[in-house]
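J.: First the structure, then my questions, so here it is.
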Amino acid sequence: LFLGDVPGGSGKRPNGPSPHGHGQMKGSVFSAFRTLVTERYGAGLWSESLQTAGAESAIYLPLESYPDEVLARIAAAVSVARGEPLDDLLFALGRHLATQLHRSHPTLFRSGRTAEQIARLLGSPPEPKAVGYLDLLPLRFETSGSGELLARFGGVAPLCMLAKGVISGMAREANERVAVFENQCQKRGAPACVLRLVFAKVSEPAVASAGVPGALDGDDITVISSDRRNARRRGT
């Protein structure tokens, strides 16, 4: 699963591993972000961003857990250096992780399985290999009492767009679109983000059950805030 470590210096660990839990991410996520940044902007920017974030001498081992605040600092450094919105970077990283999920666990995306079915499988999960992926992010899929599909994401740093990128990427890998309803959001003071998900095939004109007719037309993901007045779309 996304093996590799972030190249560091002396082996010191000012941002070292800690027990996996609230506000923790696997070193594999840092490796995935390194790949994304170096492919887009070159290895030099990644090294500079580690230094700016105070993480240049850290070693991130794939299966160890590290504070999500460190990832947030690195992402902020890349954002400032490139003049790219932080949310766009986090969203791109989430989509990249979803692509890696497809490559690592192709059976999850076997022909005919929908993105919703995949999410519910990950929320169970009956496939043992998927458990490793679930440890990569503080993102959990669950079913509400009324049967709705929910995604729960929460840590110390408000990295909401990372979760939405993963969800968008899963829809894309399944050739679908998704409407995301923000029931709760950390950026608005909630302890965690709770998102209600409604997927639809690309061929379908809209998701009527989402309560926003036409909201998905031409878009990979549509995010509807909790007041349901602010719909934000992101295309492919």
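Ordering of the structure tokens sets the chain letters (A, B, ...); residue numbers start at 1 within each chain; ligands are numbered from 1 in the order shown.
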Any chance you could list, as a PDB file with N, CA and C atoms, in the first residue's frame, the residues in segment 50-122 of chain A that come up helix (DSSP H, G or I) when DSSP is run on the backbone?
T.:
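Just written: part.pdb:
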```pdb
ATOM      1  N   LEU A  50       9.324  20.800   2.867  1.00  0.00           N
ATOM      2  CA  LEU A  50       9.633  20.102   4.114  1.00  0.00           C
ATOM      3  C   LEU A  50      10.393  21.012   5.061  1.00  0.00           C
ATOM      4  N   GLN A  51      11.346  21.769   4.510  1.00  0.00           N
ATOM      5  CA  GLN A  51      12.138  22.675   5.332  1.00  0.00           C
ATOM      6  C   GLN A  51      11.264  23.789   5.912  1.00  0.00           C
ATOM      7  N   THR A  52      10.410  24.361   5.080  1.00  0.00           N
ATOM      8  CA  THR A  52       9.518  25.426   5.545  1.00  0.00           C
ATOM      9  C   THR A  52       8.597  24.925   6.647  1.00  0.00           C
ATOM     10  N   ASP A  68      -1.448  14.652  11.726  1.00  0.00           N
ATOM     11  CA  ASP A  68      -1.963  15.238  10.490  1.00  0.00           C
ATOM     12  C   ASP A  68      -1.591  16.714  10.377  1.00  0.00           C
ATOM     13  N   GLU A  69      -1.250  17.347  11.507  1.00  0.00           N
ATOM     14  CA  GLU A  69      -0.828  18.751  11.470  1.00  0.00           C
ATOM     15  C   GLU A  69       0.437  18.925  10.644  1.00  0.00           C
ATOM     16  N   VAL A  70       1.300  17.901  10.639  1.00  0.00           N
ATOM     17  CA  VAL A  70       2.534  17.991   9.855  1.00  0.00           C
ATOM     18  C   VAL A  70       2.201  18.003   8.367  1.00  0.00           C
ATOM     19  N   LEU A  71       1.279  17.132   7.962  1.00  0.00           N
ATOM     20  CA  LEU A  71       0.853  17.130   6.559  1.00  0.00           C
ATOM     21  C   LEU A  71       0.243  18.481   6.189  1.00  0.00           C
ATOM     22  N   ALA A  72      -0.538  19.058   7.105  1.00  0.00           N
ATOM     23  CA  ALA A  72      -1.158  20.355   6.848  1.00  0.00           C
ATOM     24  C   ALA A  72      -0.102  21.440   6.667  1.00  0.00           C
ATOM     25  N   ARG A  73       0.973  21.394   7.455  1.00  0.00           N
ATOM     26  CA  ARG A  73       2.036  22.398   7.329  1.00  0.00           C
ATOM     27  C   ARG A  73       2.774  22.256   5.999  1.00  0.00           C
ATOM     28  N   ILE A  74       3.043  21.017   5.618  1.00  0.00           N
ATOM     29  CA  ILE A  74       3.729  20.789   4.342  1.00  0.00           C
ATOM     30  C   ILE A  74       2.857  21.269   3.181  1.00  0.00           C
ATOM     31  N   ALA A  75       1.578  20.928   3.237  1.00  0.00           N
ATOM     32  CA  ALA A  75       0.661  21.352   2.176  1.00  0.00           C
ATOM     33  C   ALA A  75       0.561  22.864   2.110  1.00  0.00           C
ATOM     34  N   ALA A  76       0.535  23.530   3.258  1.00  0.00           N
ATOM     35  CA  ALA A  76       0.477  24.986   3.282  1.00  0.00           C
ATOM     36  C   ALA A  76       1.729  25.597   2.659  1.00  0.00           C
ATOM     37  N   ALA A  77       2.884  24.967   2.908  1.00  0.00           N
ATOM     38  CA  ALA A  77       4.133  25.463   2.331  1.00  0.00           C
ATOM     39  C   ALA A  77       4.122  25.338   0.809  1.00  0.00           C
ATOM     40  N   VAL A  78       3.641  24.212   0.297  1.00  0.00           N
ATOM     41  CA  VAL A  78       3.534  24.029  -1.155  1.00  0.00           C
ATOM     42  C   VAL A  78       2.562  25.048  -1.734  1.00  0.00           C
ATOM     43  N   SER A  79       1.452  25.252  -1.043  1.00  0.00           N
ATOM     44  CA  SER A  79       0.436  26.199  -1.510  1.00  0.00           C
ATOM     45  C   SER A  79       0.997  27.598  -1.653  1.00  0.00           C
ATOM     46  N   VAL A  80       1.731  28.055  -0.657  1.00  0.00           N
ATOM     47  CA  VAL A  80       2.307  29.401  -0.692  1.00  0.00           C
ATOM     48  C   VAL A  80       3.363  29.504  -1.787  1.00  0.00           C
ATOM     49  N   ALA A  81       4.214  28.488  -1.895  1.00  0.00           N
ATOM     50  CA  ALA A  81       5.300  28.526  -2.874  1.00  0.00           C
ATOM     51  C   ALA A  81       4.780  28.567  -4.304  1.00  0.00           C
ATOM     52  N   ARG A  82       3.684  27.867  -4.562  1.00  0.00           N
ATOM     53  CA  ARG A  82       3.151  27.782  -5.920  1.00  0.00           C
ATOM     54  C   ARG A  82       1.982  28.726  -6.174  1.00  0.00           C
ATOM     55  N   LEU A  86      -4.824  25.992  -1.113  1.00  0.00           N
ATOM     56  CA  LEU A  86      -4.568  24.821  -0.284  1.00  0.00           C
ATOM     57  C   LEU A  86      -5.622  23.744  -0.491  1.00  0.00           C
ATOM     58  N   ASP A  87      -6.881  24.147  -0.581  1.00  0.00           N
ATOM     59  CA  ASP A  87      -7.951  23.163  -0.768  1.00  0.00           C
ATOM     60  C   ASP A  87      -7.783  22.388  -2.066  1.00  0.00           C
ATOM     61  N   ASP A  88      -7.280  23.043  -3.112  1.00  0.00           N
ATOM     62  CA  ASP A  88      -7.064  22.356  -4.391  1.00  0.00           C
ATOM     63  C   ASP A  88      -5.992  21.280  -4.250  1.00  0.00           C
ATOM     64  N   LEU A  89      -4.932  21.589  -3.498  1.00  0.00           N
ATOM     65  CA  LEU A  89      -3.865  20.611  -3.285  1.00  0.00           C
ATOM     66  C   LEU A  89      -4.380  19.403  -2.509  1.00  0.00           C
ATOM     67  N   LEU A  90      -5.128  19.668  -1.446  1.00  0.00           N
ATOM     68  CA  LEU A  90      -5.647  18.583  -0.630  1.00  0.00           C
ATOM     69  C   LEU A  90      -6.633  17.727  -1.420  1.00  0.00           C
ATOM     70  N   PHE A  91      -7.460  18.372  -2.236  1.00  0.00           N
ATOM     71  CA  PHE A  91      -8.414  17.654  -3.068  1.00  0.00           C
ATOM     72  C   PHE A  91      -7.680  16.746  -4.053  1.00  0.00           C
ATOM     73  N   ALA A  92      -6.615  17.283  -4.665  1.00  0.00           N
ATOM     74  CA  ALA A  92      -5.824  16.492  -5.616  1.00  0.00           C
ATOM     75  C   ALA A  92      -5.169  15.301  -4.925  1.00  0.00           C
ATOM     76  N   LEU A  93      -4.698  15.493  -3.699  1.00  0.00           N
ATOM     77  CA  LEU A  93      -4.097  14.384  -2.959  1.00  0.00           C
ATOM     78  C   LEU A  93      -5.133  13.304  -2.679  1.00  0.00           C
ATOM     79  N   GLY A  94      -6.334  13.702  -2.298  1.00  0.00           N
ATOM     80  CA  GLY A  94      -7.384  12.718  -2.049  1.00  0.00           C
ATOM     81  C   GLY A  94      -7.697  11.888  -3.281  1.00  0.00           C
ATOM     82  N   ARG A  95      -7.793  12.547  -4.429  1.00  0.00           N
ATOM     83  CA  ARG A  95      -8.059  11.816  -5.671  1.00  0.00           C
ATOM     84  C   ARG A  95      -6.911  10.863  -6.001  1.00  0.00           C
ATOM     85  N   HIS A  96      -5.687  11.314  -5.721  1.00  0.00           N
ATOM     86  CA  HIS A  96      -4.519  10.474  -5.957  1.00  0.00           C
ATOM     87  C   HIS A  96      -4.585   9.218  -5.085  1.00  0.00           C
ATOM     88  N   LEU A  97      -5.004   9.379  -3.828  1.00  0.00           N
ATOM     89  CA  LEU A  97      -5.128   8.230  -2.936  1.00  0.00           C
ATOM     90  C   LEU A  97      -6.194   7.255  -3.426  1.00  0.00           C
ATOM     91  N   ALA A  98      -7.287   7.782  -3.970  1.00  0.00           N
ATOM     92  CA  ALA A  98      -8.330   6.908  -4.511  1.00  0.00           C
ATOM     93  C   ALA A  98      -7.811   6.107  -5.702  1.00  0.00           C
ATOM     94  N   THR A  99      -7.000   6.748  -6.537  1.00  0.00           N
ATOM     95  CA  THR A  99      -6.396   6.041  -7.668  1.00  0.00           C
ATOM     96  C   THR A  99      -5.499   4.921  -7.169  1.00  0.00           C
ATOM     97  N   GLN A 100      -4.727   5.205  -6.101  1.00  0.00           N
ATOM     98  CA  GLN A 100      -3.863   4.182  -5.528  1.00  0.00           C
ATOM     99  C   GLN A 100      -4.677   3.033  -4.941  1.00  0.00           C
ATOM    100  N   LEU A 101      -5.824   3.369  -4.362  1.00  0.00           N
ATOM    101  CA  LEU A 101      -6.705   2.313  -3.846  1.00  0.00           C
ATOM    102  C   LEU A 101      -7.128   1.371  -4.966  1.00  0.00           C
ATOM    103  N   HIS A 102      -7.483   1.940  -6.105  1.00  0.00           N
ATOM    104  CA  HIS A 102      -7.900   1.130  -7.250  1.00  0.00           C
ATOM    105  C   HIS A 102      -6.757   0.228  -7.704  1.00  0.00           C
ATOM    106  N   ARG A 103      -5.561   0.786  -7.750  1.00  0.00           N
ATOM    107  CA  ARG A 103      -4.412   0.004  -8.203  1.00  0.00           C
ATOM    108  C   ARG A 103      -4.036  -1.085  -7.193  1.00  0.00           C
ATOM    109  N   SER A 104      -4.157  -0.760  -5.909  1.00  0.00           N
ATOM    110  CA  SER A 104      -3.770  -1.707  -4.870  1.00  0.00           C
ATOM    111  C   SER A 104      -4.812  -2.802  -4.665  1.00  0.00           C
ATOM    112  N   PRO A 106      -7.696  -3.861  -6.966  1.00  0.00           N
ATOM    113  CA  PRO A 106      -8.551  -3.816  -8.163  1.00  0.00           C
ATOM    114  C   PRO A 106      -9.838  -4.607  -8.014  1.00  0.00           C
ATOM    115  N   THR A 107      -9.841  -5.611  -7.131  1.00  0.00           N
ATOM    116  CA  THR A 107     -11.065  -6.401  -6.979  1.00  0.00           C
ATOM    117  C   THR A 107     -12.194  -5.576  -6.372  1.00  0.00           C
ATOM    118  N   LEU A 108     -11.848  -4.517  -5.639  1.00  0.00           N
ATOM    119  CA  LEU A 108     -12.892  -3.648  -5.085  1.00  0.00           C
ATOM    120  C   LEU A 108     -13.678  -2.972  -6.200  1.00  0.00           C
ATOM    121  N   PHE A 109     -12.992  -2.698  -7.319  1.00  0.00           N
ATOM    122  CA  PHE A 109     -13.597  -1.963  -8.418  1.00  0.00           C
ATOM    123  C   PHE A 109     -13.958  -2.889  -9.576  1.00  0.00           C
ATOM    124  N   ALA A 115     -19.750   2.796  -6.874  1.00  0.00           N
ATOM    125  CA  ALA A 115     -18.962   3.490  -5.864  1.00  0.00           C
ATOM    126  C   ALA A 115     -19.606   3.352  -4.487  1.00  0.00           C
ATOM    127  N   GLU A 116     -20.928   3.372  -4.444  1.00  0.00           N
ATOM    128  CA  GLU A 116     -21.616   3.200  -3.159  1.00  0.00           C
ATOM    129  C   GLU A 116     -21.357   1.816  -2.589  1.00  0.00           C
ATOM    130  N   GLN A 117     -21.396   0.802  -3.432  1.00  0.00           N
ATOM    131  CA  GLN A 117     -21.122  -0.551  -2.967  1.00  0.00           C
ATOM    132  C   GLN A 117     -19.689  -0.658  -2.440  1.00  0.00           C
ATOM    133  N   ILE A 118     -18.761  -0.003  -3.137  1.00  0.00           N
ATOM    134  CA  ILE A 118     -17.365  -0.018  -2.695  1.00  0.00           C
ATOM    135  C   ILE A 118     -17.231   0.651  -1.331  1.00  0.00           C
ATOM    136  N   ALA A 119     -17.878   1.815  -1.178  1.00  0.00           N
ATOM    137  CA  ALA A 119     -17.814   2.530   0.098  1.00  0.00           C
ATOM    138  C   ALA A 119     -18.403   1.691   1.232  1.00  0.00           C
ATOM    139  N   ARG A 120     -19.505   1.024   0.953  1.00  0.00           N
ATOM    140  CA  ARG A 120     -20.121   0.197   2.002  1.00  0.00           C
ATOM    141  C   ARG A 120     -19.243  -1.004   2.333  1.00  0.00           C
ATOM    142  N   LEU A 121     -18.560  -1.549   1.331  1.00  0.00           N
ATOM    143  CA  LEU A 121     -17.617  -2.628   1.592  1.00  0.00           C
ATOM    144  C   LEU A 121     -16.466  -2.139   2.473  1.00  0.00           C
ATOM    145  N   LEU A 122     -15.979  -0.938   2.177  1.00  0.00           N
ATOM    146  CA  LEU A 122     -14.898  -0.384   2.989  1.00  0.00           C
ATOM    147  C   LEU A 122     -15.374  -0.079   4.403  1.00  0.00           C
TER     148      LEU A 122
END
```
J.: Pick out the residues sitting within 6 Å of segment 179-187 of chain A, and hand them over as a short mmCIF file (atom, residue, chain, number, x, y, z; two decimals) with N, CA and C atoms, in the first residue's frame; count only C-alpha atoms, and ignore anything fewer than 4 positions along from it in its own chain.
T.:
```cif
data_model
loop_
_atom_site.label_atom_id
_atom_site.label_comp_id
_atom_site.auth_asym_id
_atom_site.auth_seq_id
_atom_site.Cartn_x
_atom_site.Cartn_y
_atom_site.Cartn_z
N PRO A 158 -8.03 20.64 10.12
CA PRO A 158 -9.23 20.56 9.28
C PRO A 158 -8.88 20.31 7.82
N PRO A 191 -16.75 18.88 15.59
CA PRO A 191 -15.59 18.07 15.97
C PRO A 191 -15.08 17.18 14.84
N ALA A 192 -15.94 16.90 13.86
CA ALA A 192 -15.56 16.08 12.71
C ALA A 192 -16.48 16.43 11.54
N CYS A 193 -16.04 16.10 10.35
CA CYS A 193 -16.89 16.27 9.17
C CYS A 193 -17.75 15.03 9.00
N VAL A 194 -19.04 15.24 8.82
CA VAL A 194 -19.96 14.14 8.53
C VAL A 194 -20.63 14.47 7.20
N LEU A 195 -20.39 13.63 6.21
CA LEU A 195 -20.84 13.89 4.85
C LEU A 195 -21.83 12.82 4.40
N ARG A 196 -22.95 13.25 3.86
CA ARG A 196 -23.90 12.30 3.26
C ARG A 196 -23.61 12.21 1.77
N LEU A 197 -23.49 11.00 1.25
CA LEU A 197 -23.05 10.77 -0.12
C LEU A 197 -24.18 10.20 -0.97
N VAL A 198 -24.34 10.75 -2.16
CA VAL A 198 -25.29 10.23 -3.14
C VAL A 198 -24.54 10.10 -4.47
N ILE A 221 -18.00 16.10 -8.87
CA ILE A 221 -18.48 16.15 -7.50
C ILE A 221 -19.16 17.48 -7.25
N THR A 222 -20.25 17.45 -6.53
CA THR A 222 -20.94 18.66 -6.10
C THR A 222 -21.04 18.60 -4.58
N VAL A 223 -20.61 19.67 -3.92
CA VAL A 223 -20.65 19.74 -2.47
C VAL A 223 -21.73 20.72 -2.06
N ILE A 224 -22.66 20.27 -1.24
CA ILE A 224 -23.75 21.11 -0.77
C ILE A 224 -23.57 21.32 0.72
N SER A 225 -23.40 22.57 1.13
CA SER A 225 -23.16 22.87 2.54
C SER A 225 -24.41 22.57 3.36
N SER A 226 -24.27 22.60 4.67
CA SER A 226 -25.35 22.18 5.55
C SER A 226 -26.60 23.05 5.41
#
```
